[in-house]
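File shown: input-v8.txt (compact mmCIF, N, CA and C atoms).
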```
# COMPACT_ATOMS: atom_id res chain seq x y z
N PRO A 283 26.95 -16.91 22.19
CA PRO A 283 26.74 -15.62 21.55
C PRO A 283 25.28 -15.16 21.57
N PHE A 284 24.37 -15.95 22.19
CA PHE A 284 22.96 -15.57 22.26
C PHE A 284 22.62 -15.03 23.64
N LEU A 285 21.79 -14.03 23.68
CA LEU A 285 21.34 -13.43 24.92
C LEU A 285 19.82 -13.40 24.91
N LEU A 286 19.21 -13.94 25.95
CA LEU A 286 17.76 -13.85 26.12
C LEU A 286 17.50 -12.85 27.23
N ARG A 287 16.50 -12.00 27.04
CA ARG A 287 16.24 -10.95 28.01
C ARG A 287 14.74 -10.82 28.26
N LEU A 288 14.39 -10.58 29.53
CA LEU A 288 13.01 -10.33 29.92
C LEU A 288 13.02 -9.25 30.99
N ASP A 289 12.34 -8.14 30.71
CA ASP A 289 12.24 -7.02 31.65
C ASP A 289 10.77 -6.73 31.90
N THR A 290 10.41 -6.46 33.14
CA THR A 290 9.05 -6.07 33.49
C THR A 290 9.12 -4.88 34.43
N ALA A 291 8.23 -3.91 34.21
CA ALA A 291 8.23 -2.71 35.05
C ALA A 291 6.80 -2.26 35.32
N TYR A 292 6.60 -1.66 36.48
CA TYR A 292 5.33 -1.05 36.84
C TYR A 292 5.60 0.42 37.11
N GLN A 293 4.77 1.28 36.55
CA GLN A 293 4.90 2.72 36.78
C GLN A 293 3.54 3.23 37.24
N ASP A 294 3.49 3.86 38.41
CA ASP A 294 2.20 4.28 38.95
C ASP A 294 1.68 5.57 38.32
N GLN A 295 2.53 6.36 37.66
CA GLN A 295 2.08 7.58 37.01
C GLN A 295 2.78 7.78 35.67
N ALA A 296 2.49 6.91 34.71
CA ALA A 296 3.04 7.05 33.37
C ALA A 296 2.27 8.17 32.65
N LEU A 297 2.97 8.96 31.86
CA LEU A 297 2.38 10.10 31.17
C LEU A 297 2.14 9.78 29.71
N PHE A 298 0.93 10.06 29.24
CA PHE A 298 0.55 9.86 27.84
C PHE A 298 -0.06 11.15 27.32
N TYR A 299 -0.07 11.30 25.98
CA TYR A 299 -0.60 12.51 25.37
C TYR A 299 -1.71 12.17 24.38
N ASP A 300 -2.67 13.12 24.23
CA ASP A 300 -3.69 12.96 23.19
C ASP A 300 -3.31 13.84 22.01
N ARG A 301 -4.18 13.91 21.00
CA ARG A 301 -3.88 14.66 19.77
C ARG A 301 -3.65 16.15 20.00
N THR A 302 -4.18 16.71 21.08
CA THR A 302 -3.99 18.13 21.36
C THR A 302 -2.83 18.35 22.33
N PHE A 303 -2.08 17.29 22.61
CA PHE A 303 -0.93 17.29 23.51
C PHE A 303 -1.31 17.56 24.95
N ASN A 304 -2.55 17.28 25.31
CA ASN A 304 -2.94 17.30 26.72
C ASN A 304 -2.39 16.03 27.35
N GLY A 305 -1.84 16.15 28.55
CA GLY A 305 -1.28 15.00 29.24
C GLY A 305 -2.34 14.23 30.00
N TRP A 306 -2.12 12.93 30.13
CA TRP A 306 -3.02 12.03 30.86
C TRP A 306 -2.14 11.04 31.61
N VAL A 307 -2.37 10.87 32.89
CA VAL A 307 -1.54 10.02 33.74
C VAL A 307 -2.31 8.77 34.13
N ALA A 308 -1.64 7.62 34.10
CA ALA A 308 -2.28 6.36 34.48
C ALA A 308 -1.22 5.36 34.93
N PRO A 309 -1.59 4.43 35.81
CA PRO A 309 -0.66 3.35 36.15
C PRO A 309 -0.51 2.40 34.96
N THR A 310 0.70 1.89 34.80
CA THR A 310 1.02 1.08 33.63
C THR A 310 1.95 -0.06 34.02
N ILE A 311 1.77 -1.19 33.35
CA ILE A 311 2.72 -2.29 33.47
C ILE A 311 3.25 -2.57 32.07
N GLU A 312 4.56 -2.82 31.99
CA GLU A 312 5.19 -3.02 30.70
C GLU A 312 6.17 -4.19 30.79
N THR A 313 6.17 -5.02 29.75
CA THR A 313 7.08 -6.16 29.67
C THR A 313 7.77 -6.15 28.32
N ALA A 314 9.07 -6.39 28.32
CA ALA A 314 9.85 -6.48 27.09
C ALA A 314 10.64 -7.78 27.11
N ALA A 315 10.62 -8.47 25.99
CA ALA A 315 11.38 -9.71 25.84
C ALA A 315 12.21 -9.61 24.57
N GLY A 316 13.42 -10.14 24.61
CA GLY A 316 14.26 -10.04 23.44
C GLY A 316 15.25 -11.17 23.33
N ILE A 317 15.76 -11.33 22.12
CA ILE A 317 16.84 -12.27 21.85
C ILE A 317 17.87 -11.53 21.01
N GLU A 318 19.12 -11.72 21.36
CA GLU A 318 20.21 -11.02 20.67
C GLU A 318 21.30 -12.00 20.32
N TYR A 319 21.83 -11.87 19.10
CA TYR A 319 23.00 -12.62 18.69
C TYR A 319 24.14 -11.62 18.56
N GLN A 320 25.22 -11.87 19.28
CA GLN A 320 26.41 -11.03 19.18
C GLN A 320 27.61 -11.86 19.61
N ASN A 321 28.58 -11.95 18.77
CA ASN A 321 29.76 -12.75 19.08
C ASN A 321 30.89 -11.93 19.70
N GLY A 322 30.56 -10.77 20.29
CA GLY A 322 31.56 -9.92 20.90
C GLY A 322 32.01 -8.79 19.98
N ASP A 323 31.59 -8.83 18.74
CA ASP A 323 31.92 -7.80 17.76
C ASP A 323 30.65 -7.00 17.46
N LEU A 324 30.61 -5.72 17.88
CA LEU A 324 29.41 -4.90 17.68
C LEU A 324 29.10 -4.67 16.21
N ARG A 325 30.04 -4.99 15.33
CA ARG A 325 29.79 -4.83 13.90
C ARG A 325 28.98 -5.98 13.34
N ARG A 326 28.71 -6.98 14.17
CA ARG A 326 27.90 -8.14 13.75
C ARG A 326 26.88 -8.44 14.84
N THR A 327 25.69 -7.87 14.69
CA THR A 327 24.67 -7.98 15.73
C THR A 327 23.31 -8.22 15.09
N ILE A 328 22.52 -9.07 15.71
CA ILE A 328 21.12 -9.26 15.35
C ILE A 328 20.33 -9.22 16.64
N LEU A 329 19.30 -8.38 16.68
CA LEU A 329 18.50 -8.20 17.89
C LEU A 329 17.03 -8.13 17.50
N VAL A 330 16.19 -8.88 18.22
CA VAL A 330 14.74 -8.84 18.03
C VAL A 330 14.10 -8.70 19.40
N GLU A 331 13.19 -7.73 19.54
CA GLU A 331 12.51 -7.49 20.82
C GLU A 331 11.01 -7.35 20.60
N THR A 332 10.26 -7.69 21.64
CA THR A 332 8.82 -7.49 21.67
C THR A 332 8.47 -6.81 22.97
N ARG A 333 7.54 -5.85 22.90
CA ARG A 333 7.12 -5.12 24.10
C ARG A 333 5.60 -5.11 24.20
N TYR A 334 5.11 -5.34 25.40
CA TYR A 334 3.67 -5.27 25.68
C TYR A 334 3.46 -4.26 26.81
N ARG A 335 2.51 -3.34 26.61
CA ARG A 335 2.19 -2.35 27.63
C ARG A 335 0.68 -2.39 27.89
N ARG A 336 0.32 -2.45 29.17
CA ARG A 336 -1.08 -2.42 29.59
C ARG A 336 -1.30 -1.19 30.45
N ILE A 337 -2.23 -0.32 30.03
CA ILE A 337 -2.62 0.84 30.84
C ILE A 337 -3.70 0.36 31.78
N LEU A 338 -3.48 0.50 33.08
CA LEU A 338 -4.34 -0.09 34.10
C LEU A 338 -5.50 0.82 34.51
N LYS A 339 -5.92 1.69 33.61
CA LYS A 339 -7.01 2.61 33.86
C LYS A 339 -7.71 2.79 32.51
N ASN A 340 -9.01 3.03 32.49
CA ASN A 340 -9.71 3.20 31.21
C ASN A 340 -9.13 4.37 30.42
N VAL A 341 -8.86 4.12 29.15
CA VAL A 341 -8.28 5.13 28.27
C VAL A 341 -9.36 6.15 27.91
N PRO A 342 -9.04 7.47 27.90
CA PRO A 342 -10.05 8.48 27.57
C PRO A 342 -10.53 8.37 26.12
N ASP A 343 -11.70 8.91 25.85
CA ASP A 343 -12.28 8.85 24.51
C ASP A 343 -11.52 9.67 23.48
N THR A 344 -10.64 10.55 23.92
CA THR A 344 -9.92 11.43 23.00
C THR A 344 -8.85 10.68 22.20
N ASN A 345 -8.65 9.41 22.43
CA ASN A 345 -7.63 8.61 21.75
C ASN A 345 -6.23 9.15 22.00
N LEU A 346 -5.47 8.41 22.73
CA LEU A 346 -4.10 8.80 23.04
C LEU A 346 -3.20 8.57 21.84
N LEU A 347 -2.15 9.37 21.75
CA LEU A 347 -1.17 9.19 20.68
C LEU A 347 -0.27 8.00 21.00
N TYR A 348 0.01 7.20 20.01
CA TYR A 348 0.99 6.11 20.02
C TYR A 348 0.60 4.89 20.85
N VAL A 349 -0.45 4.93 21.67
CA VAL A 349 -0.77 3.80 22.54
C VAL A 349 -2.27 3.49 22.52
N ASP A 350 -2.59 2.25 22.88
CA ASP A 350 -3.94 1.80 23.16
C ASP A 350 -3.95 1.30 24.60
N GLN A 351 -5.10 0.86 25.05
CA GLN A 351 -5.20 0.26 26.38
C GLN A 351 -4.16 -0.86 26.51
N ASP A 352 -4.08 -1.67 25.47
CA ASP A 352 -3.06 -2.72 25.35
C ASP A 352 -2.25 -2.41 24.10
N SER A 353 -0.96 -2.21 24.24
CA SER A 353 -0.10 -1.90 23.09
C SER A 353 0.97 -2.96 22.96
N ILE A 354 1.21 -3.37 21.71
CA ILE A 354 2.21 -4.40 21.42
C ILE A 354 3.10 -3.89 20.29
N ASP A 355 4.41 -3.97 20.49
CA ASP A 355 5.37 -3.54 19.48
C ASP A 355 6.46 -4.59 19.33
N THR A 356 7.05 -4.63 18.16
CA THR A 356 8.25 -5.43 17.94
C THR A 356 9.31 -4.51 17.34
N ALA A 357 10.55 -4.84 17.57
CA ALA A 357 11.66 -4.06 17.01
C ALA A 357 12.78 -5.00 16.62
N MET A 358 13.57 -4.57 15.65
CA MET A 358 14.70 -5.39 15.25
C MET A 358 15.86 -4.50 14.80
N LEU A 359 17.04 -5.06 14.96
CA LEU A 359 18.27 -4.44 14.48
C LEU A 359 19.11 -5.55 13.87
N GLY A 360 19.55 -5.32 12.68
CA GLY A 360 20.48 -6.24 12.03
C GLY A 360 21.66 -5.44 11.50
N ARG A 361 22.86 -5.78 11.92
CA ARG A 361 24.06 -5.07 11.48
C ARG A 361 25.11 -6.10 11.13
N TRP A 362 25.68 -5.99 9.94
CA TRP A 362 26.72 -6.93 9.53
C TRP A 362 27.77 -6.18 8.71
N THR A 363 29.03 -6.46 9.02
CA THR A 363 30.14 -5.77 8.37
C THR A 363 30.95 -6.74 7.53
N PHE A 364 31.24 -6.33 6.31
CA PHE A 364 32.08 -7.09 5.39
C PHE A 364 33.25 -6.18 5.01
N ALA A 365 34.44 -6.49 5.51
CA ALA A 365 35.63 -5.65 5.27
C ALA A 365 35.33 -4.22 5.70
N ARG A 366 35.20 -3.28 4.77
CA ARG A 366 34.94 -1.87 5.13
C ARG A 366 33.48 -1.47 4.94
N ILE A 367 32.67 -2.36 4.47
CA ILE A 367 31.25 -2.05 4.21
C ILE A 367 30.39 -2.60 5.33
N GLU A 368 29.51 -1.76 5.86
CA GLU A 368 28.59 -2.16 6.92
C GLU A 368 27.15 -2.00 6.42
N LEU A 369 26.38 -3.07 6.53
CA LEU A 369 24.96 -3.03 6.20
C LEU A 369 24.17 -3.07 7.49
N GLU A 370 23.17 -2.21 7.59
CA GLU A 370 22.37 -2.16 8.82
C GLU A 370 20.92 -1.88 8.47
N VAL A 371 20.02 -2.54 9.19
CA VAL A 371 18.60 -2.22 9.08
C VAL A 371 18.03 -2.21 10.49
N ARG A 372 17.25 -1.18 10.77
CA ARG A 372 16.53 -1.05 12.04
C ARG A 372 15.07 -0.89 11.69
N GLY A 373 14.21 -1.44 12.53
CA GLY A 373 12.80 -1.29 12.26
C GLY A 373 11.95 -1.55 13.48
N THR A 374 10.77 -0.96 13.48
CA THR A 374 9.77 -1.23 14.50
C THR A 374 8.45 -1.53 13.81
N HIS A 375 7.66 -2.36 14.46
CA HIS A 375 6.34 -2.69 13.94
C HIS A 375 5.37 -2.67 15.11
N GLY A 376 4.46 -1.73 15.07
CA GLY A 376 3.43 -1.67 16.10
C GLY A 376 2.25 -2.53 15.69
N LEU A 377 1.93 -3.51 16.50
CA LEU A 377 0.79 -4.38 16.21
C LEU A 377 -0.51 -3.76 16.70
N GLN A 378 -0.40 -2.95 17.75
CA GLN A 378 -1.57 -2.27 18.30
C GLN A 378 -1.10 -1.01 19.02
N PRO A 379 -1.33 0.18 18.49
CA PRO A 379 -1.92 0.50 17.20
C PRO A 379 -0.97 0.16 16.04
N ARG A 380 -1.53 -0.05 14.86
CA ARG A 380 -0.77 -0.48 13.69
C ARG A 380 0.18 0.63 13.23
N SER A 381 1.45 0.26 13.09
CA SER A 381 2.46 1.25 12.74
C SER A 381 3.74 0.53 12.34
N PHE A 382 4.57 1.18 11.53
CA PHE A 382 5.92 0.66 11.32
C PHE A 382 6.86 1.78 10.92
N MET A 383 8.12 1.53 11.15
CA MET A 383 9.18 2.42 10.74
C MET A 383 10.36 1.54 10.38
N VAL A 384 10.97 1.82 9.25
CA VAL A 384 12.14 1.05 8.83
C VAL A 384 13.24 2.04 8.45
N ARG A 385 14.49 1.69 8.79
CA ARG A 385 15.63 2.54 8.47
C ARG A 385 16.81 1.68 8.01
N PRO A 386 16.88 1.38 6.71
CA PRO A 386 18.07 0.68 6.20
C PRO A 386 19.18 1.69 5.91
N GLN A 387 20.42 1.25 6.11
CA GLN A 387 21.54 2.12 5.79
C GLN A 387 22.74 1.28 5.38
N ILE A 388 23.65 1.93 4.67
CA ILE A 388 24.91 1.31 4.29
C ILE A 388 26.01 2.29 4.69
N ALA A 389 27.13 1.75 5.13
CA ALA A 389 28.24 2.60 5.56
C ALA A 389 29.55 2.06 4.98
N TRP A 390 30.47 2.97 4.76
CA TRP A 390 31.82 2.64 4.35
C TRP A 390 32.77 3.25 5.36
N ARG A 391 33.71 2.45 5.87
CA ARG A 391 34.66 2.91 6.90
C ARG A 391 36.09 2.67 6.43
N HIS A 392 36.93 3.68 6.74
CA HIS A 392 38.35 3.52 6.40
C HIS A 392 39.16 4.52 7.22
N ARG A 393 40.07 4.01 8.06
CA ARG A 393 41.01 4.83 8.84
C ARG A 393 40.33 5.98 9.60
N GLY A 394 39.28 5.66 10.33
CA GLY A 394 38.61 6.66 11.14
C GLY A 394 37.63 7.55 10.40
N PHE A 395 37.47 7.32 9.11
CA PHE A 395 36.52 8.09 8.31
C PHE A 395 35.34 7.19 7.97
N THR A 396 34.13 7.69 8.16
CA THR A 396 32.91 6.90 7.89
C THR A 396 31.94 7.71 7.05
N VAL A 397 31.39 7.07 6.04
CA VAL A 397 30.31 7.64 5.23
C VAL A 397 29.11 6.72 5.38
N ARG A 398 27.96 7.28 5.79
CA ARG A 398 26.72 6.52 5.95
C ARG A 398 25.63 7.15 5.10
N THR A 399 24.81 6.31 4.51
CA THR A 399 23.64 6.79 3.80
C THR A 399 22.50 5.81 4.03
N GLY A 400 21.29 6.36 4.07
CA GLY A 400 20.13 5.51 4.29
C GLY A 400 18.84 6.29 4.15
N VAL A 401 17.75 5.63 4.48
CA VAL A 401 16.42 6.24 4.42
C VAL A 401 15.66 5.92 5.69
N VAL A 402 14.69 6.76 6.02
CA VAL A 402 13.78 6.54 7.15
C VAL A 402 12.37 6.57 6.58
N VAL A 403 11.61 5.49 6.81
CA VAL A 403 10.26 5.39 6.27
C VAL A 403 9.29 5.03 7.39
N PRO A 404 8.49 6.00 7.88
CA PRO A 404 7.44 5.70 8.87
C PRO A 404 6.07 5.61 8.20
N ARG A 405 5.21 4.72 8.71
CA ARG A 405 3.83 4.58 8.23
C ARG A 405 2.97 4.05 9.37
N GLY A 406 1.66 4.20 9.24
CA GLY A 406 0.78 3.62 10.24
C GLY A 406 -0.56 4.32 10.35
N GLU A 407 -1.39 3.84 11.29
CA GLU A 407 -2.67 4.47 11.57
C GLU A 407 -2.42 5.92 11.99
N ASP A 408 -3.42 6.78 11.83
CA ASP A 408 -3.26 8.21 12.09
C ASP A 408 -2.64 8.53 13.44
N ARG A 409 -3.10 7.93 14.51
CA ARG A 409 -2.61 8.30 15.84
C ARG A 409 -1.44 7.44 16.31
N SER A 410 -0.96 6.54 15.47
CA SER A 410 0.22 5.74 15.81
C SER A 410 1.48 6.57 15.56
N PHE A 411 2.61 6.10 16.07
CA PHE A 411 3.87 6.81 15.88
C PHE A 411 4.19 6.95 14.40
N GLY A 412 4.09 5.86 13.64
CA GLY A 412 4.38 5.91 12.21
C GLY A 412 3.40 6.76 11.43
N GLY A 413 2.12 6.78 11.85
CA GLY A 413 1.13 7.61 11.18
C GLY A 413 1.31 9.08 11.50
N TRP A 414 1.60 9.40 12.75
CA TRP A 414 1.79 10.78 13.17
C TRP A 414 2.99 11.42 12.46
N TYR A 415 4.05 10.62 12.23
CA TYR A 415 5.26 11.13 11.59
C TYR A 415 5.41 10.68 10.14
N ARG A 416 4.33 10.26 9.50
CA ARG A 416 4.41 9.70 8.14
C ARG A 416 4.99 10.68 7.12
N ARG A 417 4.86 11.98 7.35
CA ARG A 417 5.41 12.97 6.42
C ARG A 417 6.91 13.18 6.62
N ASN A 418 7.49 12.51 7.58
CA ASN A 418 8.92 12.67 7.87
C ASN A 418 9.78 11.63 7.16
N ARG A 419 9.31 11.10 6.05
CA ARG A 419 10.17 10.22 5.26
C ARG A 419 11.41 11.02 4.86
N SER A 420 12.55 10.38 4.92
CA SER A 420 13.76 11.13 4.62
C SER A 420 14.88 10.22 4.14
N ALA A 421 15.82 10.83 3.47
CA ALA A 421 17.07 10.18 3.10
C ALA A 421 18.18 10.99 3.75
N TYR A 422 19.27 10.34 4.09
CA TYR A 422 20.34 11.06 4.77
C TYR A 422 21.70 10.58 4.30
N LEU A 423 22.67 11.48 4.49
CA LEU A 423 24.08 11.20 4.23
C LEU A 423 24.84 11.76 5.42
N MET A 424 25.65 10.93 6.06
CA MET A 424 26.42 11.36 7.22
C MET A 424 27.90 11.12 6.94
N LEU A 425 28.70 12.13 7.24
CA LEU A 425 30.15 12.02 7.11
C LEU A 425 30.73 12.17 8.51
N ARG A 426 31.70 11.32 8.84
CA ARG A 426 32.30 11.36 10.17
C ARG A 426 33.79 11.07 10.07
N LYS A 427 34.55 11.85 10.82
CA LYS A 427 35.99 11.62 10.91
C LYS A 427 36.36 11.54 12.38
N ASP A 428 36.93 10.42 12.81
CA ASP A 428 37.39 10.25 14.18
C ASP A 428 38.83 10.76 14.27
N PHE A 429 39.12 11.52 15.33
CA PHE A 429 40.46 12.05 15.54
C PHE A 429 41.10 11.41 16.73
```

Let me see the structure of the file written as structure tokens.
Amino acid sequence: PFLLRLDTAYQDQALFYDRTFNGWVAPTIETAAGIEYQNGDLRRTILVETRYRRILKNVPDTNLLYVDQDSIDTAMLGRWTFARIELEVRGTHGLQPRSFMVRPQIAWRHRGFTVRTGVVVPRGEDRSFGGWYRRNRSAYLMLRKDF
């Protein structure tokens, strides 16, 4: 039920943005590694991933949004279902630049009808993803009926 994963990619013209949304292109190499537990039931999943990105050109002084010359992130998903109740938490943690986002939720399912509620909480350094969207904290309620 365990899956180990390693992906590596090279992109010769990756696009990045600065605070004024000016684009900047640079070659980049990126590696992601992960471990996943899943016994064949998507209602019971645990996933942890780490990603490292290296920009292979000097970063401009204007400070790019969401990335540094070397960027490291981790992400996780935990989902577990007990009868009709599903508990889920998703989160990311940027180690460089410092950032995090967490989204816990609870769901109730019955005969094709689902009710979900949760919160989204982003935080971080000003130019990080969590810092840039820090005012977007929110709570939500979703209703769904499958036909």

- request: Using DSSP on the backbone, list every residue of chain A that comes out as helix (DSSP H, G or I), and give them as a list in words.
  value: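 Selection result, helix (DSSP H, G or I) within chain A: Phe411, Gly412, Gly413, Trp414, Arg416, Arg417 and Asn418 of chain A.
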
Selection from above, N, CA and C atoms, as a CSV table (one decimal), in the coordinates of the input, can you write it?
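Written file, again.csv:
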```csv
chain,number,residue,atom,x,y,z
A,411,PHE,N,2.6,6.1,16.1
A,411,PHE,CA,3.9,6.8,15.9
A,411,PHE,C,4.2,7.0,14.4
A,412,GLY,N,4.1,5.9,13.6
A,412,GLY,CA,4.4,5.9,12.2
A,412,GLY,C,3.4,6.8,11.4
A,413,GLY,N,2.1,6.8,11.8
A,413,GLY,CA,1.1,7.6,11.2
A,413,GLY,C,1.3,9.1,11.5
A,414,TRP,N,1.6,9.4,12.8
A,414,TRP,CA,1.8,10.8,13.2
A,414,TRP,C,3.0,11.4,12.5
A,416,ARG,N,4.3,10.3,9.5
A,416,ARG,CA,4.4,9.7,8.1
A,416,ARG,C,5.0,10.7,7.1
A,417,ARG,N,4.9,12.0,7.4
A,417,ARG,CA,5.4,13.0,6.4
A,417,ARG,C,6.9,13.2,6.6
A,418,ASN,N,7.5,12.5,7.6
A,418,ASN,CA,8.9,12.7,7.9
A,418,ASN,C,9.8,11.6,7.2
```

message: Taking (23.8, -4.8, 12.2) as a centre in this file's frame and 7 Å as the limit, can you find every polymer residue with an atom that close, using all atoms listed in the file, and give them as a list of chain:residue names?
response: A:Leu324, A:Arg325, A:Arg326, A:Thr327, A:Ile328, A:Leu359, A:Gly360, A:Arg361, A:Trp362, A:Thr363, A:Leu369, A:Glu370, A:Val371

field: Pro309 in chain A environment, 6 Å, all atoms listed in the file, sequence neighbours closer than 2 positions dropped, as a PyMOL selection string
entry: chain A and resi 293-296+307+311+336-339

message: Can you measure atom C of Leu423 in chain A to atom C of Arg409 in chain A for me? One decimal in Å is fine.
response: 28.8 Å

- request: Could you jot down the atom N of Ile388 in chain A to atom C of Glu368 in chain A separation for me, Å, one decimal place?
  value: 5.5 Å

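Taking only C-alpha atoms into account, Thr310 in chain A lies nearest to A:Val349 out of the set A:Val349, A:Val401, A:Val330, A:Leu288.
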
message: Could you tell me how far CA of Asp428 in chain A sits from CA of Thr399 in chain A, in Å to one decimal place?
response: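 Computing the Euclidean distance for CA of Thr399 in chain A and CA of Asp428 in chain A yields 17.6 Å.
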
- request: Name the residues, using the chain letters and numbers of the file, that sit within 6 Å of (4.3, -5.4, 21.6) when counting only N, CA and C atoms, and give them as a count of residues only.
  value: 9

task: Pick out the closest residue to Gln378 in chain A from this set: A:Ala357, A:Asp350, A:Gly400, A:His392. Count only C-alpha atoms.
output: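 Under the stated criterion, the closest residue is A:Asp350.
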
field: Selected residue of minimal separation from Tyr299 in chain A among A:Asn418, A:Asn345, A:Thr396, A:Ser381, counting only C-alpha atoms
entry: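 Between A:Asn418, A:Asn345, A:Thr396, A:Ser381, the residue approaching Tyr299 in chain A most closely is A:Asn345.
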
Could you give me range 401-408 of chain A completed to all heavy atoms, formatted as a compact mmCIF listing (two decimals), in the frame of the given file?
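Once written, result-v7.txt looks like this:
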```
# COMPACT_ATOMS: atom_id res chain seq x y z
N VAL A 401 17.75 5.63 4.48
CA VAL A 401 16.42 6.24 4.42
C VAL A 401 15.66 5.92 5.69
O VAL A 401 15.95 4.92 6.37
CB VAL A 401 15.61 5.77 3.18
CG1 VAL A 401 16.27 6.22 1.89
CG2 VAL A 401 15.42 4.27 3.19
N VAL A 402 14.69 6.76 6.02
CA VAL A 402 13.78 6.54 7.15
C VAL A 402 12.37 6.57 6.58
O VAL A 402 11.98 7.55 5.93
CB VAL A 402 13.94 7.63 8.23
CG1 VAL A 402 12.95 7.41 9.36
CG2 VAL A 402 15.36 7.65 8.75
N VAL A 403 11.61 5.49 6.81
CA VAL A 403 10.26 5.39 6.27
C VAL A 403 9.29 5.03 7.39
O VAL A 403 9.26 3.88 7.84
CB VAL A 403 10.18 4.32 5.15
CG1 VAL A 403 8.77 4.25 4.57
CG2 VAL A 403 11.20 4.59 4.07
N PRO A 404 8.49 6.00 7.88
CA PRO A 404 7.44 5.70 8.87
C PRO A 404 6.07 5.61 8.20
O PRO A 404 5.79 6.34 7.25
CB PRO A 404 7.51 6.90 9.81
CG PRO A 404 7.98 8.03 8.95
CD PRO A 404 8.80 7.41 7.83
N ARG A 405 5.21 4.72 8.71
CA ARG A 405 3.83 4.58 8.23
C ARG A 405 2.97 4.05 9.37
O ARG A 405 3.49 3.47 10.31
CB ARG A 405 3.74 3.57 7.08
CG ARG A 405 4.38 4.02 5.82
CD ARG A 405 3.34 4.65 4.93
NE ARG A 405 3.87 4.72 3.59
CZ ARG A 405 4.14 5.84 2.97
NH1 ARG A 405 3.95 6.98 3.56
NH2 ARG A 405 4.62 5.83 1.76
N GLY A 406 1.66 4.20 9.24
CA GLY A 406 0.78 3.62 10.24
C GLY A 406 -0.56 4.32 10.35
O GLY A 406 -0.85 5.25 9.60
N GLU A 407 -1.39 3.84 11.29
CA GLU A 407 -2.67 4.47 11.57
C GLU A 407 -2.42 5.92 11.99
O GLU A 407 -1.35 6.25 12.49
CB GLU A 407 -3.38 3.74 12.71
CG GLU A 407 -3.79 2.34 12.39
CD GLU A 407 -4.40 1.62 13.60
OE1 GLU A 407 -4.65 2.27 14.64
OE2 GLU A 407 -4.64 0.42 13.49
N ASP A 408 -3.42 6.78 11.83
CA ASP A 408 -3.26 8.21 12.09
C ASP A 408 -2.64 8.53 13.44
O ASP A 408 -1.76 9.36 13.54
CB ASP A 408 -4.61 8.93 11.98
CG ASP A 408 -5.00 9.13 10.53
OD1 ASP A 408 -4.14 8.98 9.65
OD2 ASP A 408 -6.18 9.44 10.29
```
